file structure_12.pdb (PDB, C-alpha atoms)
ATOM      1  CA  MET H   1    -154.408  56.029  50.848
ATOM      2  CA  ALA H   2    -156.417  52.948  50.156
ATOM      3  CA  ALA H   3    -156.270  50.717  53.170
ATOM      4  CA  ILE H   4    -159.087  48.440  52.109
ATOM      5  CA  TYR H   5    -159.013  46.928  48.664
ATOM      6  CA  SER H   6    -162.208  44.948  48.522
ATOM      7  CA  LEU H   7    -165.011  43.323  50.482
ATOM      8  CA  PHE H   8    -166.718  39.986  49.836
ATOM      9  CA  ILE H   9    -169.726  38.312  51.431
ATOM     10  CA  ILE H  10    -170.310  34.607  50.767
ATOM     11  CA  ASN H  11    -173.448  32.709  51.709
ATOM     12  CA  LYS H  12    -173.265  29.403  53.526
ATOM     13  CA  SER H  13    -173.198  27.374  50.329
ATOM     14  CA  GLY H  14    -170.218  29.272  48.975
ATOM     15  CA  GLY H  15    -171.980  31.589  46.551
ATOM     16  CA  LEU H  16    -170.824  35.183  46.310
ATOM     17  CA  ILE H  17    -173.658  37.457  47.395
ATOM     18  CA  PHE H  18    -171.816  40.735  47.693
ATOM     19  CA  TYR H  19    -168.638  42.161  46.235
ATOM     20  CA  LYS H  20    -167.290  45.660  46.389
ATOM     21  CA  ASP H  21    -164.046  47.157  45.144
ATOM     22  CA  TYR H  22    -162.387  50.043  46.956
ATOM     23  CA  GLY H  23    -158.844  50.230  45.676
ATOM     24  CA  SER H  24    -157.920  50.993  42.108
ATOM     25  CA  ALA H  25    -155.367  48.189  41.916
ATOM     26  CA  GLY H  26    -156.395  44.703  40.881
ATOM     27  CA  ARG H  27    -159.977  45.385  39.889
ATOM     28  CA  MET H  28    -161.742  42.156  39.069
ATOM     29  CA  ASP H  29    -164.534  41.305  36.678
ATOM     30  CA  THR H  30    -167.608  39.421  37.840
ATOM     31  CA  ASN H  31    -166.306  36.004  36.862
ATOM     32  CA  ASP H  32    -163.046  36.475  38.705
ATOM     33  CA  SER H  33    -164.757  37.640  41.861
ATOM     34  CA  LEU H  34    -167.117  34.670  41.792
ATOM     35  CA  ARG H  35    -164.206  32.324  41.276
ATOM     36  CA  LEU H  36    -162.240  33.879  44.106
ATOM     37  CA  ALA H  37    -165.201  33.670  46.443
ATOM     38  CA  SER H  38    -165.819  29.988  45.892
ATOM     39  CA  LEU H  39    -162.080  29.331  46.067
ATOM     40  CA  TRP H  40    -161.945  31.002  49.453
ATOM     41  CA  HIS H  41    -164.998  29.091  50.607
ATOM     42  CA  SER H  42    -163.303  25.787  49.803
ATOM     43  CA  MET H  43    -159.953  26.817  51.274
ATOM     44  CA  HIS H  44    -161.707  27.882  54.437
ATOM     45  CA  ALA H  45    -163.426  24.502  54.662
ATOM     46  CA  ILE H  46    -160.174  22.636  54.024
ATOM     47  CA  SER H  47    -158.362  24.694  56.643
ATOM     48  CA  GLN H  48    -160.917  23.564  59.213
ATOM     49  CA  GLN H  49    -160.203  19.938  58.426
ATOM     50  CA  LEU H  50    -156.427  20.337  58.273
ATOM     51  CA  SER H  51    -156.121  22.251  61.509
ATOM     52  CA  PRO H  52    -154.643  20.228  64.374
ATOM     53  CA  ILE H  53    -156.848  22.162  66.792
ATOM     54  CA  VAL H  54    -160.182  20.546  67.621
ATOM     55  CA  GLY H  55    -163.133  22.802  66.901
ATOM     56  CA  CYS H  56    -161.135  25.106  64.636
ATOM     57  CA  THR H  57    -163.394  27.520  62.815
ATOM     58  CA  GLY H  58    -161.208  28.110  59.775
ATOM     59  CA  ILE H  59    -158.730  30.695  58.510
ATOM     60  CA  GLU H  60    -159.151  34.143  60.006
ATOM     61  CA  LEU H  61    -156.182  35.901  58.473
ATOM     62  CA  LEU H  62    -154.163  35.271  55.361
ATOM     63  CA  GLN H  63    -151.032  37.389  55.021
ATOM     64  CA  ALA H  64    -149.306  37.849  51.702
ATOM     65  CA  ASP H  65    -146.613  40.211  50.434
ATOM     66  CA  THR H  66    -149.052  42.571  48.812
ATOM     67  CA  PHE H  67    -152.240  42.182  50.845
ATOM     68  CA  ASP H  68    -153.853  40.865  54.025
ATOM     69  CA  LEU H  69    -157.112  38.954  53.911
ATOM     70  CA  HIS H  70    -159.239  39.030  57.053
ATOM     71  CA  CYS H  71    -162.162  36.628  57.241
ATOM     72  CA  PHE H  72    -165.058  36.437  59.674
ATOM     73  CA  GLN H  73    -167.574  33.623  59.630
ATOM     74  CA  SER H  74    -170.804  34.012  61.541
ATOM     75  CA  LEU H  75    -172.263  31.036  63.416
ATOM     76  CA  THR H  76    -174.894  30.798  60.703
ATOM     77  CA  GLY H  77    -172.217  30.150  58.086
ATOM     78  CA  THR H  78    -172.124  33.453  56.226
ATOM     79  CA  LYS H  79    -168.560  34.594  55.562
ATOM     80  CA  PHE H  80    -167.390  38.185  55.359
ATOM     81  CA  PHE H  81    -163.891  38.968  54.200
ATOM     82  CA  VAL H  82    -161.873  42.052  53.397
ATOM     83  CA  VAL H  83    -158.725  42.274  51.359
ATOM     84  CA  CYS H  84    -156.571  45.142  52.583
ATOM     85  CA  GLU H  85    -153.119  46.668  52.661
ATOM     86  CA  PRO H  86    -150.617  44.534  54.602
ATOM     87  CA  GLY H  87    -150.619  45.404  58.266
ATOM     88  CA  THR H  88    -153.969  47.218  58.306
ATOM     89  CA  GLN H  89    -155.272  47.212  61.868
ATOM     90  CA  HIS H  90    -158.708  46.696  63.405
ATOM     91  CA  MET H  91    -160.158  44.699  60.519
ATOM     92  CA  GLU H  92    -161.874  42.259  62.928
ATOM     93  CA  VAL H  93    -163.813  45.174  64.344
ATOM     94  CA  LEU H  94    -164.720  46.416  60.899
ATOM     95  CA  LEU H  95    -165.969  42.957  59.894
ATOM     96  CA  LYS H  96    -168.107  42.839  63.004
ATOM     97  CA  VAL H  97    -169.584  46.227  62.105
ATOM     98  CA  ILE H  98    -170.272  45.004  58.574
ATOM     99  CA  TYR H  99    -172.024  41.927  60.005
ATOM    100  CA  GLU H 100    -174.276  44.194  62.059
ATOM    101  CA  LEU H 101    -175.047  46.327  59.011
ATOM    102  CA  TYR H 102    -175.876  43.147  57.105
ATOM    103  CA  THR H 103    -178.363  42.058  59.769
ATOM    104  CA  ASP H 104    -179.934  45.515  59.846
ATOM    105  CA  TYR H 105    -180.116  46.534  56.222
ATOM    106  CA  VAL H 106    -180.102  43.245  54.356
ATOM    107  CA  LEU H 107    -181.846  40.642  56.511
ATOM    108  CA  LYS H 108    -184.485  43.057  57.760
ATOM    109  CA  ASN H 109    -185.367  44.152  54.252
ATOM    110  CA  PRO H 110    -188.524  42.129  53.587
ATOM    111  CA  PHE H 111    -187.792  42.090  49.861
ATOM    112  CA  TYR H 112    -184.377  40.554  50.262
ATOM    113  CA  GLU H 113    -184.393  36.833  49.485
ATOM    114  CA  MET H 114    -182.165  34.823  51.797
ATOM    115  CA  GLU H 115    -178.945  33.500  50.257
ATOM    116  CA  MET H 116    -179.400  35.645  47.135
ATOM    117  CA  PRO H 117    -177.115  38.434  45.892
ATOM    118  CA  ILE H 118    -177.459  41.589  47.973
ATOM    119  CA  ARG H 119    -178.930  44.562  46.182
ATOM    120  CA  CYS H 120    -179.907  46.911  48.958
ATOM    121  CA  GLU H 121    -179.177  50.609  48.623
ATOM    122  CA  LEU H 122    -179.369  51.252  52.350
ATOM    123  CA  PHE H 123    -176.757  48.605  52.946
ATOM    124  CA  ASP H 124    -174.447  50.132  50.322
ATOM    125  CA  LEU H 125    -174.887  53.546  51.843
ATOM    126  CA  ASN H 126    -174.212  52.539  55.425
ATOM    127  CA  LEU H 127    -171.373  50.314  54.346
ATOM    128  CA  SER H 128    -169.531  53.089  52.568
ATOM    129  CA  GLN H 129    -169.988  55.259  55.636
ATOM    130  CA  ALA H 130    -168.537  52.572  57.878
ATOM    131  CA  ILE H 131    -165.565  52.064  55.583
ATOM    132  CA  GLN H 132    -165.082  55.805  55.255
ATOM    133  CA  LYS H 133    -165.079  56.219  59.009
ATOM    134  CA  ASP H 134    -162.585  53.439  59.257
ATOM    135  CA  ARG H 135    -160.309  55.181  56.795
ATOM    136  CA  VAL H 136    -160.614  58.487  58.586
ATOM    137  CA  SER H 137    -159.649  56.891  61.875
ATOM    138  CA  LEU H 138    -156.679  55.298  60.164
ATOM    139  CA  LEU H 139    -155.589  58.637  58.747
ATOM    140  CA  GLY H 140    -155.869  60.236  62.160
ATOM    141  CA  ARG H 141    -153.413  57.813  63.627
TER     142      ARG H 141
ATOM    143  CA  MET N 142    -159.948  35.967  73.605
ATOM    144  CA  ALA N 143    -163.569  35.386  72.613
ATOM    145  CA  PRO N 144    -165.890  37.529  74.716
ATOM    146  CA  LEU N 145    -167.723  35.651  77.432
ATOM    147  CA  ALA N 146    -171.333  34.960  76.650
ATOM    148  CA  PRO N 147    -173.451  37.470  78.523
ATOM    149  CA  ARG N 148    -175.661  35.906  81.176
ATOM    150  CA  SER N 149    -178.360  38.498  80.678
ATOM    151  CA  GLY N 150    -179.661  40.508  77.793
ATOM    152  CA  ASP N 151    -179.981  43.755  79.743
ATOM    153  CA  ALA N 152    -177.037  45.453  78.098
ATOM    154  CA  VAL N 153    -178.154  44.579  74.575
ATOM    155  CA  PHE N 154    -181.716  45.479  75.390
ATOM    156  CA  ALA N 155    -180.563  48.911  76.507
ATOM    157  CA  SER N 156    -178.554  49.491  73.350
ATOM    158  CA  VAL N 157    -180.899  48.302  70.601
ATOM    159  CA  GLU N 158    -183.584  50.519  69.136
ATOM    160  CA  ARG N 159    -187.044  49.858  70.496
ATOM    161  CA  VAL N 160    -190.595  50.646  69.445
ATOM    162  CA  ASN N 161    -193.547  51.570  71.577
ATOM    163  CA  ALA N 162    -194.805  48.395  73.249
ATOM    164  CA  GLU N 163    -198.420  49.200  72.585
ATOM    165  CA  LEU N 164    -197.804  49.725  68.883
ATOM    166  CA  PHE N 165    -196.086  46.348  68.813
ATOM    167  CA  THR N 166    -198.881  44.578  70.678
ATOM    168  CA  LEU N 167    -201.604  46.161  68.589
ATOM    169  CA  THR N 168    -199.816  45.441  65.317
ATOM    170  CA  TYR N 169    -199.482  41.795  66.252
ATOM    171  CA  GLY N 170    -203.154  41.714  67.202
ATOM    172  CA  ALA N 171    -204.126  43.197  63.869
ATOM    173  CA  ILE N 172    -202.079  40.572  62.024
ATOM    174  CA  VAL N 173    -203.670  37.695  63.929
ATOM    175  CA  ARG N 174    -207.128  39.166  63.380
ATOM    176  CA  GLN N 175    -206.506  39.525  59.660
ATOM    177  CA  LEU N 176    -205.263  35.951  59.430
ATOM    178  CA  ILE N 177    -208.422  34.699  61.122
ATOM    179  CA  THR N 178    -210.519  36.657  58.634
ATOM    180  CA  ASP N 179    -208.502  35.393  55.675
ATOM    181  CA  LEU N 180    -208.030  31.764  56.642
ATOM    182  CA  GLU N 181    -211.217  31.190  58.675
ATOM    183  CA  GLU N 182    -209.923  28.009  60.374
ATOM    184  CA  VAL N 183    -207.977  28.512  63.621
ATOM    185  CA  GLU N 184    -205.794  25.499  62.808
ATOM    186  CA  GLU N 185    -204.745  27.219  59.581
ATOM    187  CA  VAL N 186    -204.050  30.410  61.491
ATOM    188  CA  ASN N 187    -201.824  28.530  63.928
ATOM    189  CA  LYS N 188    -199.930  27.032  61.025
ATOM    190  CA  GLN N 189    -199.565  30.384  59.302
ATOM    191  CA  LEU N 190    -198.335  32.099  62.467
ATOM    192  CA  ASP N 191    -195.766  29.364  62.948
ATOM    193  CA  GLN N 192    -194.585  29.764  59.347
ATOM    194  CA  MET N 193    -194.364  33.541  59.740
ATOM    195  CA  GLY N 194    -192.382  33.077  62.923
ATOM    196  CA  TYR N 195    -190.059  30.668  61.165
ATOM    197  CA  ASN N 196    -189.416  33.179  58.396
ATOM    198  CA  ILE N 197    -188.614  35.810  60.999
ATOM    199  CA  GLY N 198    -186.417  33.448  63.003
ATOM    200  CA  VAL N 199    -184.122  32.515  60.128
ATOM    201  CA  ARG N 200    -183.257  36.200  59.705
ATOM    202  CA  LEU N 201    -183.420  37.255  63.328
ATOM    203  CA  ILE N 202    -180.747  34.817  64.446
ATOM    204  CA  ASP N 203    -178.032  36.772  62.671
ATOM    205  CA  GLU N 204    -179.038  39.990  64.347
ATOM    206  CA  PHE N 205    -179.032  38.194  67.654
ATOM    207  CA  LEU N 206    -175.543  36.822  67.087
ATOM    208  CA  ALA N 207    -174.210  40.109  65.749
ATOM    209  CA  LYS N 208    -175.475  42.284  68.568
ATOM    210  CA  SER N 209    -175.522  40.090  71.649
ATOM    211  CA  ASN N 210    -171.882  38.985  71.477
ATOM    212  CA  VAL N 211    -172.710  35.472  72.559
ATOM    213  CA  SER N 212    -170.287  32.859  71.363
ATOM    214  CA  ARG N 213    -170.900  29.268  70.377
ATOM    215  CA  CYS N 214    -172.845  27.365  73.019
ATOM    216  CA  VAL N 215    -171.223  24.190  74.328
ATOM    217  CA  ASP N 216    -174.462  22.257  74.693
ATOM    218  CA  PHE N 217    -178.204  22.510  74.298
ATOM    219  CA  LYS N 218    -178.581  23.448  77.957
ATOM    220  CA  GLU N 219    -176.558  26.571  77.420
ATOM    221  CA  THR N 220    -178.517  27.297  74.239
ATOM    222  CA  ALA N 221    -181.799  27.189  76.134
ATOM    223  CA  GLU N 222    -180.441  29.502  78.836
ATOM    224  CA  VAL N 223    -179.184  31.975  76.266
ATOM    225  CA  ILE N 224    -182.552  32.022  74.487
ATOM    226  CA  ALA N 225    -184.414  32.519  77.752
ATOM    227  CA  LYS N 226    -182.143  35.126  79.289
ATOM    228  CA  VAL N 227    -180.613  36.975  76.358
ATOM    229  CA  GLY N 228    -182.836  36.295  73.355
ATOM    230  CA  PHE N 229    -186.194  36.964  74.949
ATOM    231  CA  LYS N 230    -184.833  40.001  76.738
ATOM    232  CA  MET N 231    -183.314  41.467  73.601
ATOM    233  CA  PHE N 232    -186.369  41.138  71.381
ATOM    234  CA  LEU N 233    -189.356  41.047  73.743
ATOM    235  CA  GLY N 234    -188.027  42.828  76.818
ATOM    236  CA  VAL N 235    -188.904  39.941  79.121
ATOM    237  CA  THR N 236    -186.980  36.926  80.338
ATOM    238  CA  ALA N 237    -188.050  33.308  80.517
ATOM    239  CA  THR N 238    -187.147  30.582  82.973
ATOM    240  CA  VAL N 239    -185.827  27.227  81.857
ATOM    241  CA  ILE N 240    -187.276  24.274  83.739
ATOM    242  CA  ASN N 241    -188.168  20.573  83.453
ATOM    243  CA  TRP N 242    -185.114  19.168  81.703
ATOM    244  CA  ASP N 243    -185.453  15.571  80.646
ATOM    245  CA  ALA N 244    -182.753  13.055  81.534
ATOM    246  CA  GLU N 245    -180.964  13.273  78.163
ATOM    247  CA  GLY N 246    -180.824  17.050  78.258
ATOM    248  CA  THR N 247    -182.568  17.351  74.908
ATOM    249  CA  SER N 248    -185.864  18.868  75.913
ATOM    250  CA  CYS N 249    -186.904  21.544  78.327
ATOM    251  CA  SER N 250    -189.584  24.104  78.994
ATOM    252  CA  LEU N 251    -189.312  27.853  78.617
ATOM    253  CA  VAL N 252    -191.719  29.581  80.957
ATOM    254  CA  LEU N 253    -192.836  33.142  80.362
ATOM    255  CA  GLU N 254    -194.574  34.865  83.239
ATOM    256  CA  ASP N 255    -194.971  38.042  81.303
ATOM    257  CA  ASN N 256    -195.763  38.220  77.613
ATOM    258  CA  PRO N 257    -196.111  41.584  75.885
ATOM    259  CA  LEU N 258    -197.937  40.048  72.912
ATOM    260  CA  VAL N 259    -201.109  39.438  74.881
ATOM    261  CA  ASP N 260    -201.490  42.636  76.912
ATOM    262  CA  PHE N 261    -205.027  43.362  75.718
ATOM    263  CA  VAL N 262    -206.146  39.973  74.488
ATOM    264  CA  GLU N 263    -209.155  37.932  75.534
ATOM    265  CA  LEU N 264    -209.876  34.893  73.398
ATOM    266  CA  PRO N 265    -213.519  34.658  72.301
ATOM    267  CA  ASP N 266    -215.293  31.281  72.369
ATOM    268  CA  THR N 267    -215.039  31.009  68.595
ATOM    269  CA  CYS N 268    -211.232  31.015  68.734
ATOM    270  CA  GLN N 269    -210.589  28.534  71.526
ATOM    271  CA  GLY N 270    -208.129  26.427  69.573
ATOM    272  CA  LEU N 271    -206.050  29.425  68.616
ATOM    273  CA  SER N 272    -202.435  29.463  69.731
ATOM    274  CA  TYR N 273    -202.266  33.220  69.828
ATOM    275  CA  CYS N 274    -198.520  33.402  70.358
ATOM    276  CA  ASN N 275    -197.649  30.674  67.879
ATOM    277  CA  ILE N 276    -195.347  33.102  66.116
ATOM    278  CA  LEU N 277    -192.886  32.796  69.026
ATOM    279  CA  SER N 278    -192.474  29.074  68.638
ATOM    280  CA  GLY N 279    -191.860  29.578  64.924
ATOM    281  CA  VAL N 280    -189.197  32.199  65.597
ATOM    282  CA  ILE N 281    -187.275  29.900  67.931
ATOM    283  CA  ARG N 282    -187.551  26.966  65.533
ATOM    284  CA  GLY N 283    -186.307  29.057  62.610
ATOM    285  CA  ALA N 284    -183.486  30.640  64.564
ATOM    286  CA  LEU N 285    -182.185  27.346  65.919
ATOM    287  CA  GLU N 286    -182.377  25.719  62.521
ATOM    288  CA  MET N 287    -179.935  28.311  61.182
ATOM    289  CA  VAL N 288    -177.394  27.266  63.791
ATOM    290  CA  SER N 289    -177.862  23.604  62.842
ATOM    291  CA  MET N 290    -180.350  22.488  65.463
ATOM    292  CA  LYS N 291    -183.599  20.886  64.371
ATOM    293  CA  THR N 292    -186.172  21.417  67.059
ATOM    294  CA  GLU N 293    -189.833  20.801  67.701
ATOM    295  CA  ILE N 294    -191.642  23.377  69.757
ATOM    296  CA  THR N 295    -195.060  23.057  71.308
ATOM    297  CA  TRP N 296    -197.158  25.156  73.648
ATOM    298  CA  VAL N 297    -197.871  23.422  76.933
ATOM    299  CA  ARG N 298    -199.455  26.245  78.887
ATOM    300  CA  ASP N 299    -201.173  29.340  77.591
ATOM    301  CA  MET N 300    -202.606  32.029  79.838
ATOM    302  CA  LEU N 301    -205.225  32.845  77.230
ATOM    303  CA  GLN N 302    -206.537  29.299  77.635
ATOM    304  CA  GLY N 303    -206.730  29.734  81.401
ATOM    305  CA  ASP N 304    -203.308  28.486  82.483
ATOM    306  CA  ASP N 305    -201.109  30.316  84.958
ATOM    307  CA  ALA N 306    -198.159  31.018  82.643
ATOM    308  CA  TYR N 307    -196.888  30.549  79.118
ATOM    309  CA  GLU N 308    -194.878  27.409  78.686
ATOM    310  CA  LEU N 309    -193.073  26.372  75.547
ATOM    311  CA  ARG N 310    -191.726  22.862  75.270
ATOM    312  CA  VAL N 311    -188.527  22.844  73.233
ATOM    313  CA  LYS N 312    -187.315  19.482  72.016
ATOM    314  CA  LEU N 313    -184.029  19.042  70.202
ATOM    315  CA  LEU N 314    -184.626  16.547  67.419
ATOM    316  CA  LYS N 315    -181.158  16.447  65.965
ATOM    317  CA  GLN N 316    -178.035  18.450  65.676
ATOM    318  CA  VAL N 317    -176.999  18.666  62.051
ATOM    319  CA  PRO N 318    -173.218  18.475  61.947
ATOM    320  CA  GLU N 319    -171.569  21.470  60.354
ATOM    321  CA  GLU N 320    -168.873  19.418  58.716
ATOM    322  CA  TYR N 321    -168.679  19.470  55.004
ATOM    323  CA  PRO N 322    -170.098  16.395  53.388
ATOM    324  CA  TYR N 323    -167.051  15.477  51.332
ATOM    325  CA  LYS N 324    -165.037  12.621  52.731
ATOM    326  CA  ASP N 325    -162.490  11.818  50.055
ATOM    327  CA  ASP N 326    -160.481   9.389  52.100
ATOM    328  CA  ASP N 327    -163.345   7.121  53.185
TER     329      ASP N 327
END

call {"tool": "encode", "arguments": {"input": "structure_12.pdb", "output": "structure tokens"}}
result
Amino acid sequence: MAAIYSLFIINKSGGLIFYKDYGSAGRMDTNDSLRLASLWHSMHAISQQLSPIVGCTGIELLQADTFDLHCFQSLTGTKFFVVCEPGTQHMEVLLKVIYELYTDYVLKNPFYEMEMPIRCELFDLNLSQAIQKDRVSLLGR
Amino acid sequence: MAPLAPRSGDAVFASVERVNAELFTLTYGAIVRQLITDLEEVEEVNKQLDQMGYNIGVRLIDEFLAKSNVSRCVDFKETAEVIAKVGFKMFLGVTATVINWDAEGTSCSLVLEDNPLVDFVELPDTCQGLSYCNILSGVIRGALEMVSMKTEITWVRDMLQGDDAYELRVKLLKQVPEEYPYKDDD
């Protein structure tokens, strides 16, 4: 059971800084993932302008026939989004956990350059644990 | 739906990992000492501490937002309160008081009665111009810049210089709008 298909992190200027694939279906090459990330960045920005609600912060959930896309944008402008099986629950919580891991294992790494692609082993490790735990709790339900 | 902004940082402070206060104080002292040795001029040291603080602030803000559960502040007044009550508590274990607002609500003072950075410090005569805690002003400047507020922060009172408290003057220079710059229809 693959509840989560993939995870993206985009910096505030729309560049993809992290991408990870979890499902076997629809694997993307680097170019495609970059394209998708900047596409989402622009769509998110447009959604803010189109929204009739004042102070709208952009799309949070996109539902399609074959996947759900949950997006979380921090107040500093970094966007985290997961693509998952339709109807997967508790993705907002997972995104929040991923944000915390990002602040701990990416931003606190003195050798990480801000806004640059994330290459931090500790982050990878803790991330896969978080996602694993999430899957286990889903299986238990 | 969004969680209410916490009025105090006690809960976060209790949940985050902490280090021994003395280790923290001594490490900071060692850094300042080394900077004085390396740079020789106290003015340069002040500048360097501010820059170091800025570099910390731009990263620290995300941790603050991720772990404190505060939501977007409605105005600068709320921002100042959140820094004083939640921010300082979460990272330094103390709280500050916000006083002396100007009429426009764009500048205020953060007053620290207690400051763990200076527990063992006495400034020698040769370092009188040193703003020992200049790193703090840098941190706040860097953190606020990441949430689109340009600020200018100066020390008004410093216990190491003989004053009765630590007072930081925070002045909001401008709020950079978060809107995207493209305006096709104009």

call {"tool": "interface_residues", "arguments": {"input": "structure_12.pdb", "of": "chain N", "to": "chain H", "cutoff": "6 Å", "atoms": "all atoms listed in the file", "output": "number ranges by chain"}}
result
N: 200, 204, 207, 287-288

call {"tool": "residues_around", "arguments": {"input": "structure_12.pdb", "residues": "His44 of chain H", "least_positions_apart": "3", "cutoff": "7 Å", "atoms": "all atoms listed in the file", "output": "PyMOL selection string"}}
result
chain H and resi 40-41+47-48+58-59

call {"tool": "write_last_selection", "arguments": {"input": "structure_12.pdb", "atoms": "C-alpha atoms", "output": "short mmCIF file (atom, residue, chain, number, x, y, z; two decimals), keeping the file's coordinate frame"}}
result
data_model
loop_
_atom_site.label_atom_id
_atom_site.label_comp_id
_atom_site.auth_asym_id
_atom_site.auth_seq_id
_atom_site.Cartn_x
_atom_site.Cartn_y
_atom_site.Cartn_z
CA TRP H 40 -161.94 31.00 49.45
CA HIS H 41 -165.00 29.09 50.61
CA SER H 47 -158.36 24.69 56.64
CA GLN H 48 -160.92 23.56 59.21
CA GLY H 58 -161.21 28.11 59.78
CA ILE H 59 -158.73 30.70 58.51
#

call {"tool": "atom_distance", "arguments": {"input": "structure_12.pdb", "atom1": "atom CA of Val215 of chain N", "atom2": "atom CA of Lys79 of chain H"}}
result
21.6 Å

call {"tool": "closest_residue", "arguments": {"input": "structure_12.pdb", "among": "N:Ala221, N:Leu301, N:Cys249, N:Val211", "to": "Pro265 of chain N", "atoms": "all atoms listed in the file"}}
result
N:Leu301

call {"tool": "residues_around", "arguments": {"input": "structure_12.pdb", "residues": "Phe67 of chain H", "least_positions_apart": "5", "cutoff": "8 Å", "atoms": "all atoms listed in the file", "output": "VMD selection string"}}
result
chain H and resid 83 to 86

call {"tool": "atom_distance", "arguments": {"input": "structure_12.pdb", "atom1": "atom CA of Thr57 of chain H", "atom2": "atom CA of Phe72 of chain H"}}
result
9.6 Å

call {"tool": "build_atoms", "arguments": {"input": "structure_12.pdb", "residues": "segment 56-75 of chain H", "atoms": "N, CA and C atoms", "output": "compact mmCIF listing (two decimals), in the frame of the given file"}}
result
# COMPACT_ATOMS: atom_id res chain seq x y z
N CYS H 56 -161.65 23.94 65.36
CA CYS H 56 -161.14 25.11 64.64
C CYS H 56 -162.22 25.64 63.71
N THR H 57 -162.32 26.95 63.63
CA THR H 57 -163.39 27.52 62.82
C THR H 57 -162.90 28.07 61.48
N GLY H 58 -161.69 27.73 61.11
CA GLY H 58 -161.21 28.11 59.78
C GLY H 58 -160.28 29.31 59.79
N ILE H 59 -159.71 29.60 58.61
CA ILE H 59 -158.73 30.70 58.51
C ILE H 59 -159.37 32.03 58.87
N GLU H 60 -158.67 32.80 59.69
CA GLU H 60 -159.15 34.14 60.01
C GLU H 60 -158.33 35.21 59.31
N LEU H 61 -157.05 34.90 59.09
CA LEU H 61 -156.18 35.90 58.47
C LEU H 61 -155.20 35.23 57.53
N LEU H 62 -155.14 35.74 56.33
CA LEU H 62 -154.16 35.27 55.36
C LEU H 62 -153.26 36.45 55.05
N GLN H 63 -151.95 36.28 55.28
CA GLN H 63 -151.03 37.39 55.02
C GLN H 63 -150.17 37.08 53.81
N ALA H 64 -150.14 38.01 52.89
CA ALA H 64 -149.31 37.85 51.70
C ALA H 64 -148.41 39.08 51.57
N ASP H 65 -147.53 39.07 50.59
CA ASP H 65 -146.61 40.21 50.43
C ASP H 65 -147.36 41.50 50.12
N THR H 66 -148.41 41.36 49.30
CA THR H 66 -149.05 42.57 48.81
C THR H 66 -150.42 42.85 49.43
N PHE H 67 -150.93 41.92 50.22
CA PHE H 67 -152.24 42.18 50.84
C PHE H 67 -152.43 41.32 52.08
N ASP H 68 -153.37 41.70 52.92
CA ASP H 68 -153.85 40.86 54.02
C ASP H 68 -155.30 40.52 53.73
N LEU H 69 -155.71 39.32 54.07
CA LEU H 69 -157.11 38.95 53.91
C LEU H 69 -157.66 38.57 55.29
N HIS H 70 -158.61 39.33 55.77
CA HIS H 70 -159.24 39.03 57.05
C HIS H 70 -160.61 38.43 56.81
N CYS H 71 -160.89 37.30 57.47
CA CYS H 71 -162.16 36.63 57.24
C CYS H 71 -162.91 36.45 58.56
N PHE H 72 -164.20 36.67 58.51
CA PHE H 72 -165.06 36.44 59.67
C PHE H 72 -166.23 35.58 59.24
N GLN H 73 -166.43 34.46 59.96
CA GLN H 73 -167.57 33.62 59.63
C GLN H 73 -168.56 33.65 60.79
N SER H 74 -169.80 33.98 60.49
CA SER H 74 -170.80 34.01 61.54
C SER H 74 -171.21 32.58 61.88
N LEU H 75 -171.86 32.39 63.01
CA LEU H 75 -172.26 31.04 63.42
C LEU H 75 -173.30 30.45 62.47
